[in-house]
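Contents: one structure, followed by commentary.
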Amino acid sequence: MAKIIPFKAVRPIADKVALVTCRTYDDYSPAELAAWLNFNPYSFLHVINPAYANLQKISTDKRFRGVAHKYQDFKQENILITEEQPVFYLYEIQTKSQTFTGIIAGTSVKDYQENVIKKHEDTLQYRVELFKDYLHQTNFNTEPVLITYPDSIEINTFIGLRKKTKPIYEFSTTNKEKHTLWKIDTQSEIDWLQEHFEKIPNLYIADGHHRSASAELLYEEDKHLGKENLQYFMSFLIAESNVKIYEFNRIIRDLNGMSKEEFIQKLSENFNIETKDQELWKPHHKNEFGMYLDGSFYALHYKKENHEEKNILDNLDAQILYDKVLHPLLGIGDLRNDERIDYVPGKQSVSIIKDLIDGGEFEVGFMLYPIDIKEIKTIADENLIMPPKSTYIEPKFRSGLVVYEL
């Protein structure tokens, strides 16, 4: 049984919402970040990056205090307003290729601890600790955990009917997305949603494993304070059929001392290799891999029949590439921290990988086939952990649209 709660959110005043909300901070290049901060005084980037004008290095504690102060400034200037009562939201993102629709709610730390909310990725403790400290200092979060739930005819019908009502926000952004937000504030609707989610045995984290782990850590440290909001963390709940899962492709800086011929010879022990020359080739099925090396593309077909599978991870493409290529041949042990490897989201063109390698900074690139939601759920159900950077999942939430205060 999954528990969700409405909450008294903080959000932009309607006439400034398109100016306030922004993409995730890491999504901006330095030039873009400078431009937005220089020319848009309402951007939430001023809150999450308050040290922009300070060229000297500052401690994380001081930076987090700066975030908290700037956030309060936005509230005092009525750029941000607070809901009068706890509510849910219905939120829709229309991109050029897809529409995502889900419910913004508080989800239970207890459900997370008891594995009602299931995970499929490992976390780095230093990142969990850092974001926990951020939450403790700033007292708010504006990046919800993306959580999927099994498709439900009843919830889909509710969403379809609710979308016919007047939204509180409807705006477009410079990356050509349309965003619409509805407030769900009647007690009957709130009760109905809570009752239907209580019938769902499990929710699954799609994106935001570090944020949920940080919320749990903060709750364990501060639960003696008796703050109810610490018992929950903000989530964007979306039907599992409505998420878009891309792969993360890998690019490597060198061949670990091997020549091209030696490397291909070693690859042939576990893969049938097909030359694609200049064709921008991506895999079309599981257990296929694309490779770009020395000006040519290759298709690598895994010799699955030669290998025994102990669990679902053994058949996961990211795990196969690590076990058969990245670790034994290229000497990459730590996928998160090794500086010889980098990652390109699968939503970007293969030509980007080609350009990076042709430019000389990297020597070889590997393209993977994206995992599907059933595999993610099976891995979570079996309490297994996928390799880092196995998935790039959409939708991505806009910072500053809805704020959850602790």
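Please note that chains go A, B, ... in the order of the structure tokens, that every chain numbers its residues from 1, and that ligands are numbered from 1 in the order shown.
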Margin query: From a backbone DSSP assignment, name each residue in stretch 16-111 of chain A labelled strand (DSSP E), as a list of chain:residue names.
Written below: A:Leu80, A:Ile81, A:Thr82, A:Phe88, A:Tyr89, A:Leu90, A:Tyr91, A:Glu92, A:Ile93, A:Gln94, A:Thr99, A:Phe100, A:Thr101, A:Gly102, A:Ile103, A:Ile104, A:Ala105, A:Gly106, A:Thr107, A:Ser108
Please identify all polymer residues within 7 Å of A:Lys286, counting only C-alpha atoms, omitting same-chain residues fewer than 2 positions from it, and present them as a list in words.
-> Glu288, Asp317 and Tyr369 of chain A
Among stretch 21-258 of chain A, which residues carry a DSSP assignment of alpha helix (DSSP H), reported as a PyMOL selection string?
chain A and resi 30-39+45-48+60-76+109-113+125-138+153-162+187-198+209-222
Residue neighbourhood stretch 133-141 of chain A, 9 Å, only C-alpha atoms, exclusion window fewer than 3 positions, as a list in words:
Thr60, Asp61, Phe64, Arg65, Gly66, Val67, Ala68, His69, Tyr71, Val128, Glu129, Leu130, Pro144, Ser214, Ala215, Leu218, Asp222, Phe233, Met234, Val402, Val403, Tyr404, Glu405 and Leu406 of chain A
Requested in this report: Please provide as a list in words all residues within 8 Å of stretch 197-199 of chain A, with the sequence filter that same-chain residues fewer than 6 positions apart are discarded (counting only C-alpha atoms).
Outcome: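 With the cut-off at 8 Å, the set is Met1, Ala2, Lys3 and Ile4 of chain A.
Neighbours of stretch 104-115 of chain A closer than or equal to 6 Å, with only C-alpha atoms counted and sequence neighbours fewer than 6 positions away skipped, come out as A:Ile4, A:Ile5, A:Pro6, A:Phe88, A:Tyr89, A:Glu216, A:Gln231, A:Tyr232, A:Phe233, A:Met234, A:Ser235, A:Phe236.
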